[in-house]
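Enquirer: Input: one structure, supplied below.
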Amino acid sequence: MKKTSTSVLPAGGALGDEPLLAVDDLHVEFVTRQGVVKAVNGVSYSLNPGETLAVLGESGSGKSVTAQAIMGILDMPPARIPRGEVRFRGTDLLRLPEDARSQVRGQRVAMIFQDALSALNPVFTVGSQIGEMFRVHRGASRRDAEKKAVELMDRVRIPGARQRVHDYPHQFSGGMRQRIMIAMSIALDPEVLIADEPTTALDVTVQAQIMELLAELQRESNMGLILITHDLGVVADVADKIAVMYGGRIVENALVHDIYRAPAHPYTKGLLDSIPRVDQKGQELYAIKGMPPNLLAMPSGCAFHPRCPYRQDNCVTEAPPLYEIGPTRSSACHYWREVLDGSHG
Amino acid sequence: MSRYIIRRLIQAIPVLLGATLLIYAIVFALPGDPIAALMGEKRMDPNLVDIMREQYHLNDPFLVQYWYYLVGLFGGDFGKTFAGVPVTDIMAGKFQVTINLAMTALVMEAVIGVGLGLYAALRHGRAQDSMVLASTLVLISIPTLVTGFVLQLLLGVKVGLFPVAGVTDGWRSYLLPGFVLAGTSIAYLTRLTRTSLVETLRADYIRTAVAKGLPRRRVVGRHALRNALIPLITYLGADLGTLMGGAVITETIFNLPGIGQQLFSSVYLREQSVVVGIVTVLVLIYILANLIVDLLYAVLDPRIRYE
Ligand SMILES: Nc1ncnc2c1ncn2[C@@H]1O[C@H](COP(=O)(O)OP(=O)(O)O)[C@@H](O)[C@H]1O
Ligand code: SF4
Ligand SMILES: [Mg+2]
């Protein structure tokens, strides 16, 4: 049997003040022909056991790159991480040697992806892909690994798991494939699960079922869940807190009910206003005007200023810091008070 | 699956008929008289010529001649040469030589081409990668005739590492000609392998495999390789036919008594039955190789199903 964890990292248990996972001032850039793309510019967020953090933002805002940096699955080069820490139970994963890090990856911090069809290997049975976690990390025999795979497929409620364990990914529906991804990711009871737009490719009804499944698995295991999405509507019921990203930065951090009651950043407000609501049926949906920022030529001052209805003169020159506006809340807007008040009224 | 195989074999019949008819017609249309060609400079007895013409149906119209040939063919009879030797006897030995040569070339192509391609792909964008790419370009641009004679002279005559010509040294006789025959194919397969693995390593499921915490050798050697190999199998299978057909030059340079040489002299002698016989068997080999490739494809890629 292989070791579950290395001596470098503390095993589970009491955490003291340190969160389960803390991303701290993370910067990620890509060296490309066009120049250095600064995809993540000082992102910080944290996660505790049993907690669900929703990371929200338009496509291209750096949500996935942040997650890939946490997992250590970025291709370096072209990617590089000039600054920042990813602390898992107090240990900075970014400074860890590769062999120690690979003991964390997939076993203690796991990830699922948006498109399960392309994320699963087409030439291996789903059973062997799930069972591989036990074969490689636990030294299980082929038979034991298959038994575990069937158990996991049962657990994520795939009908007829015992027969279907020998099927290939393309033989399943989109929702079932995402369940297989989930089964594979929770195989070794990870403490953190990162779900990168797990329902974006699915029908609305299937989306709800997958979200329900994730919430249920989390309750059973008390793992921390990072739920990446560009759809605020998806996370309302399951998330505890929300980090809103724009142009590679966090622009607002808040508990989920606070943000729904009153957003403290114009971008968050724009996102909220663009969710379809029952009482507005038939009305035209609000959409934030303008385009996401070009990472190679970021706007001066506040990156959101070209699209911001609250913009004042100093926004164009002074980049707002992430203001602490409450014990569990921060906003990167000079005029967060006005935004908050405006939201109330 | 077996129904698919039967259907494919039935589909092969018109292909086979078409190919034999075409070749038969071409040889028929060649100028000159086969009996005269057989006798060479010798004067011949006109009675004997008449008997031979009758025996080989040379006085009948083209389609009748072809019909006689086909009837024999389906009974497994490839006919006789004008000298009275059964064509099957001629082909058996010659095909053995060419198959040995083509198989040697195919194995070299697979081992060297896939090996170099994987090496280049794993060092994608670095100096070693560029070096492999540059050498494949060189290999592609030099004609087989040149590589053949140069290698024969260097490694065969000067260094004496390999037999210079002929098939008297057993399997060693085939090494150098095999390499010469495989030359361009090795280069193409190297490039194909490299592209295939580089593309595969970019796939989403590779990112998943990394995120599962699998060691790199497992990510590459199992998850990537299994997928990257699929297009290579097709290429190799299709290439078997090309190698057998392309053996003429190599057989000539290294004086190997294979079908290439035989085809050459039989066309010269208007030995219709030999030419058509050889081509028929070549077409058959080609069809079978493609069928095997398609079946292998279904084994390697579960998304493909044949009914
Ligand atoms: N390999 C790469 N090379 C260059 N730029 C990249 C690469 N990967 C991501 N990016 C850039 O980083 C930015 C953030 O991407 P991502 O984190 O995937 O956004 P999202 O919030 O939609 O998940 C995008 O603008 C993207 O163009
Ligand atoms: S800092 Fe200015 S431009 Fe930026 S979000 Fe706030 S009001 Fe808008
Ligand atoms: Mg993304």
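Each chain in the structure tokens gets a letter, A, B, ..., in the order shown, and its residues are numbered from 1; ligands are numbered from 1 in order too.
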Once you count only C-alpha atoms and all ligand atoms, which residues end up within 12 Å of ligand 3, and could you hand them over as a PyMOL selection string?

Expert: chain A and resi 39+55-68+112-115+194-198+200+227-231+245+248

Enquirer: If we count only C-alpha atoms, what is near Val339 of chain A at a cut-off of 6 Å, once residues fewer than 3 positions away on the same chain are taken out, given as a PyMOL selection string?

Expert: chain A and resi 264+336+342

Enquirer: Could the residues in this selection be written to a file with N, CA and C atoms, as a short mmCIF file (atom, residue, chain, number, x, y, z; two decimals), in the first residue's frame?

Expert:
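Writing the result to result_36.cif gives the following:
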```cif
data_model
loop_
_atom_site.label_atom_id
_atom_site.label_comp_id
_atom_site.auth_asym_id
_atom_site.auth_seq_id
_atom_site.Cartn_x
_atom_site.Cartn_y
_atom_site.Cartn_z
N ALA A 264 -22.00 45.12 -3.49
CA ALA A 264 -21.18 46.28 -3.12
C ALA A 264 -20.22 46.64 -4.24
N TRP A 336 -18.05 51.99 -3.22
CA TRP A 336 -18.85 50.85 -2.77
C TRP A 336 -20.04 51.28 -1.92
N GLY A 342 -27.39 52.34 -3.18
CA GLY A 342 -28.23 52.29 -4.39
C GLY A 342 -28.95 50.96 -4.49
#
```

Enquirer: Pick out the residues sitting within 6 Å of segment 287-300 of chain A, and hand them over as a short mmCIF file (atom, residue, chain, number, x, y, z; two decimals) with all heavy atoms, in the first residue's frame; count only C-alpha atoms, and ignore anything fewer than 5 positions along from it in its own chain.

Expert:
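Writing done, so here's selection-v1.cif:
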```cif
data_model
loop_
_atom_site.label_atom_id
_atom_site.label_comp_id
_atom_site.auth_asym_id
_atom_site.auth_seq_id
_atom_site.Cartn_x
_atom_site.Cartn_y
_atom_site.Cartn_z
N VAL A 37 0.42 37.76 -21.07
CA VAL A 37 -1.00 37.85 -20.70
C VAL A 37 -1.10 37.68 -19.20
O VAL A 37 -0.80 36.61 -18.68
CB VAL A 37 -1.81 36.76 -21.42
CG1 VAL A 37 -3.27 36.82 -20.98
CG2 VAL A 37 -1.70 36.90 -22.92
N GLY A 270 -24.41 44.43 -11.76
CA GLY A 270 -24.75 44.15 -13.16
C GLY A 270 -25.06 42.68 -13.38
O GLY A 270 -26.03 42.33 -14.06
N SER A 274 -28.76 40.89 -14.36
CA SER A 274 -28.95 40.15 -15.62
C SER A 274 -29.45 38.73 -15.41
O SER A 274 -29.56 37.97 -16.36
CB SER A 274 -27.66 40.17 -16.44
OG SER A 274 -26.55 39.85 -15.65
N ARG A 307 -16.96 50.28 -18.42
CA ARG A 307 -18.32 49.73 -18.47
C ARG A 307 -19.16 50.17 -17.28
O ARG A 307 -20.30 49.69 -17.12
CB ARG A 307 -18.23 48.19 -18.49
CG ARG A 307 -17.36 47.64 -19.60
CD ARG A 307 -17.08 46.16 -19.42
NE ARG A 307 -18.25 45.34 -19.73
CZ ARG A 307 -18.25 44.01 -19.59
NH1 ARG A 307 -17.17 43.39 -19.14
NH2 ARG A 307 -19.33 43.33 -19.88
N VAL A 316 -10.51 56.46 -13.41
CA VAL A 316 -9.71 56.23 -14.61
C VAL A 316 -8.22 56.20 -14.27
O VAL A 316 -7.42 55.59 -14.98
CB VAL A 316 -10.01 57.33 -15.66
CG1 VAL A 316 -9.23 57.11 -16.95
CG2 VAL A 316 -11.50 57.38 -15.93
N THR A 317 -7.85 56.85 -13.17
CA THR A 317 -6.42 56.93 -12.83
C THR A 317 -6.06 56.09 -11.62
O THR A 317 -4.98 55.51 -11.57
CB THR A 317 -6.03 58.39 -12.54
OG1 THR A 317 -6.98 58.94 -11.62
CG2 THR A 317 -6.04 59.20 -13.83
#
```

Enquirer: Set the distance at 8 Å and use only C-alpha atoms: which residues neighbour Ile180 of chain A once local chain neighbours fewer than 2 positions away are removed? I'd like the list as a VMD selection string.

Expert: chain A and resid 126 130 153 156 176 to 178 182 to 184

Enquirer: Those residues you just picked out, can you put them in a file as a compact mmCIF listing (two decimals), in the first residue's frame with N, CA and C atoms?

Expert:
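Final output, part.txt:
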```txt
# COMPACT_ATOMS: atom_id res chain seq x y z
N VAL A 126 -15.25 3.52 -18.30
CA VAL A 126 -15.39 4.44 -17.17
C VAL A 126 -14.93 3.76 -15.89
N ILE A 130 -12.23 5.31 -13.28
CA ILE A 130 -12.49 5.58 -11.86
C ILE A 130 -11.56 4.72 -11.01
N MET A 153 -19.96 4.61 -8.54
CA MET A 153 -21.00 4.89 -9.54
C MET A 153 -22.38 4.80 -8.91
N VAL A 156 -22.94 8.07 -6.91
CA VAL A 156 -23.36 9.24 -7.68
C VAL A 156 -24.62 8.91 -8.49
N MET A 176 -24.93 11.85 -17.10
CA MET A 176 -24.30 10.65 -16.53
C MET A 176 -22.78 10.75 -16.61
N ARG A 177 -22.30 11.32 -17.70
CA ARG A 177 -20.84 11.49 -17.84
C ARG A 177 -20.31 12.41 -16.76
N GLN A 178 -21.05 13.49 -16.47
CA GLN A 178 -20.58 14.39 -15.42
C GLN A 178 -20.61 13.66 -14.07
N ILE A 182 -17.56 13.14 -11.47
CA ILE A 182 -17.68 13.41 -10.04
C ILE A 182 -17.24 12.18 -9.23
N ALA A 183 -17.70 11.00 -9.67
CA ALA A 183 -17.32 9.77 -8.98
C ALA A 183 -15.80 9.63 -8.94
N MET A 184 -15.17 9.94 -10.08
CA MET A 184 -13.71 9.82 -10.17
C MET A 184 -13.03 10.81 -9.23
```

Enquirer: Could you build a table of the residues in chain B lying no more than 6 Å from chain A, giving for each the nearest pair of atoms and their separation in Å rounded to one decimal place, using only C-alpha atoms, ordered by chain and ascending residue number, as CSV?

Expert:
```
residue,atom,partner,partner_atom,distance
B:Asp204,CA,A:Ala119,CA,4.8
B:Tyr205,CA,A:Ala119,CA,4.2
B:Thr208,CA,A:Ala119,CA,5.9
B:Ala211,CA,A:Gly106,CA,5.6
B:Lys212,CA,A:Gly106,CA,4.2
B:Gly213,CA,A:Arg105,CA,4.9
B:Asp301,CA,A:Val123,CA,5.7
B:Pro302,CA,A:Val123,CA,5.9
```

Enquirer: Any chance you could export the current selection's N, CA and C atoms as an mmCIF file, in the first residue's frame?

Expert:
```cif
data_model
loop_
_atom_site.group_PDB
_atom_site.id
_atom_site.type_symbol
_atom_site.label_atom_id
_atom_site.label_comp_id
_atom_site.auth_asym_id
_atom_site.auth_seq_id
_atom_site.Cartn_x
_atom_site.Cartn_y
_atom_site.Cartn_z
ATOM 1 N N ASP B 204 -8.236 17.467 -23.503
ATOM 2 C CA ASP B 204 -8.798 17.673 -22.172
ATOM 3 C C ASP B 204 -8.570 16.471 -21.262
ATOM 4 N N TYR B 205 -8.679 15.255 -21.834
ATOM 5 C CA TYR B 205 -8.566 14.085 -20.957
ATOM 6 C C TYR B 205 -7.149 13.896 -20.435
ATOM 7 N N THR B 208 -7.192 15.985 -17.424
ATOM 8 C CA THR B 208 -7.861 15.220 -16.371
ATOM 9 C C THR B 208 -6.896 14.213 -15.733
ATOM 10 N N ALA B 211 -4.682 15.933 -13.466
ATOM 11 C CA ALA B 211 -5.404 16.369 -12.269
ATOM 12 C C ALA B 211 -5.711 15.202 -11.332
ATOM 13 N N LYS B 212 -5.718 13.987 -11.854
ATOM 14 C CA LYS B 212 -5.937 12.812 -11.010
ATOM 15 C C LYS B 212 -4.687 12.483 -10.197
ATOM 16 N N GLY B 213 -3.608 13.195 -10.462
ATOM 17 C CA GLY B 213 -2.377 12.951 -9.715
ATOM 18 C C GLY B 213 -1.588 11.774 -10.245
ATOM 19 N N ASP B 301 -10.262 1.937 -30.916
ATOM 20 C CA ASP B 301 -11.153 3.049 -30.623
ATOM 21 C C ASP B 301 -12.571 2.547 -30.405
ATOM 22 N N PRO B 302 -12.993 2.456 -29.136
ATOM 23 C CA PRO B 302 -14.307 1.872 -28.834
ATOM 24 C C PRO B 302 -15.464 2.690 -29.393
#
```

Enquirer: Contacts of Ile5 of chain B at 10 Å or less, counting only C-alpha atoms, minus same-chain residues fewer than 2 places along, as a short mmCIF file (atom, residue, chain, number, x, y, z; two decimals) with N, CA, C and O atoms, in the first residue's frame?

Expert:
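Here's the written file selection.cif:
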```cif
data_model
loop_
_atom_site.label_atom_id
_atom_site.label_comp_id
_atom_site.auth_asym_id
_atom_site.auth_seq_id
_atom_site.Cartn_x
_atom_site.Cartn_y
_atom_site.Cartn_z
N MET B 1 -19.96 -8.08 -36.25
CA MET B 1 -18.57 -7.99 -36.69
C MET B 1 -18.28 -8.93 -37.85
O MET B 1 -17.75 -8.50 -38.88
N SER B 2 -18.69 -10.24 -37.72
CA SER B 2 -18.37 -11.19 -38.80
C SER B 2 -19.19 -10.84 -40.05
O SER B 2 -18.72 -11.04 -41.17
N ARG B 3 -20.41 -10.30 -39.83
CA ARG B 3 -21.20 -9.88 -40.99
C ARG B 3 -20.50 -8.74 -41.71
O ARG B 3 -20.51 -8.66 -42.94
N ARG B 7 -19.26 -8.74 -45.55
CA ARG B 7 -19.68 -7.69 -46.48
C ARG B 7 -18.46 -7.04 -47.15
O ARG B 7 -18.46 -6.79 -48.35
N ARG B 8 -17.43 -6.80 -46.33
CA ARG B 8 -16.23 -6.17 -46.89
C ARG B 8 -15.58 -7.07 -47.95
O ARG B 8 -15.12 -6.60 -48.99
N LEU B 9 -15.57 -8.39 -47.68
CA LEU B 9 -14.96 -9.31 -48.64
C LEU B 9 -15.76 -9.36 -49.94
O LEU B 9 -15.20 -9.43 -51.03
N ILE B 10 -17.10 -9.31 -49.80
CA ILE B 10 -17.94 -9.31 -51.01
C ILE B 10 -17.69 -8.03 -51.81
O ILE B 10 -17.58 -8.05 -53.03
N GLN B 11 -17.57 -6.91 -51.07
CA GLN B 11 -17.29 -5.64 -51.75
C GLN B 11 -15.96 -5.68 -52.49
O GLN B 11 -15.74 -4.95 -53.45
N LEU B 291 -8.60 -4.15 -44.61
CA LEU B 291 -9.63 -4.75 -43.76
C LEU B 291 -9.10 -4.95 -42.34
O LEU B 291 -9.75 -4.61 -41.36
N ILE B 292 -7.89 -5.47 -42.24
CA ILE B 292 -7.30 -5.70 -40.92
C ILE B 292 -7.13 -4.37 -40.18
O ILE B 292 -7.41 -4.26 -38.99
N ASP B 294 -8.97 -1.68 -40.55
CA ASP B 294 -10.28 -1.23 -40.08
C ASP B 294 -10.73 -2.00 -38.85
O ASP B 294 -11.34 -1.44 -37.95
N LEU B 295 -10.42 -3.30 -38.82
CA LEU B 295 -10.81 -4.10 -37.66
C LEU B 295 -9.99 -3.70 -36.43
O LEU B 295 -10.51 -3.58 -35.34
N TYR B 306 -18.62 -1.64 -36.00
CA TYR B 306 -18.99 -2.09 -37.34
C TYR B 306 -20.15 -3.06 -37.26
O TYR B 306 -20.12 -3.99 -36.47
N GLU B 307 -21.16 -2.80 -38.05
CA GLU B 307 -22.26 -3.75 -38.09
C GLU B 307 -22.35 -4.37 -39.46
O GLU B 307 -22.13 -3.72 -40.45
#
```
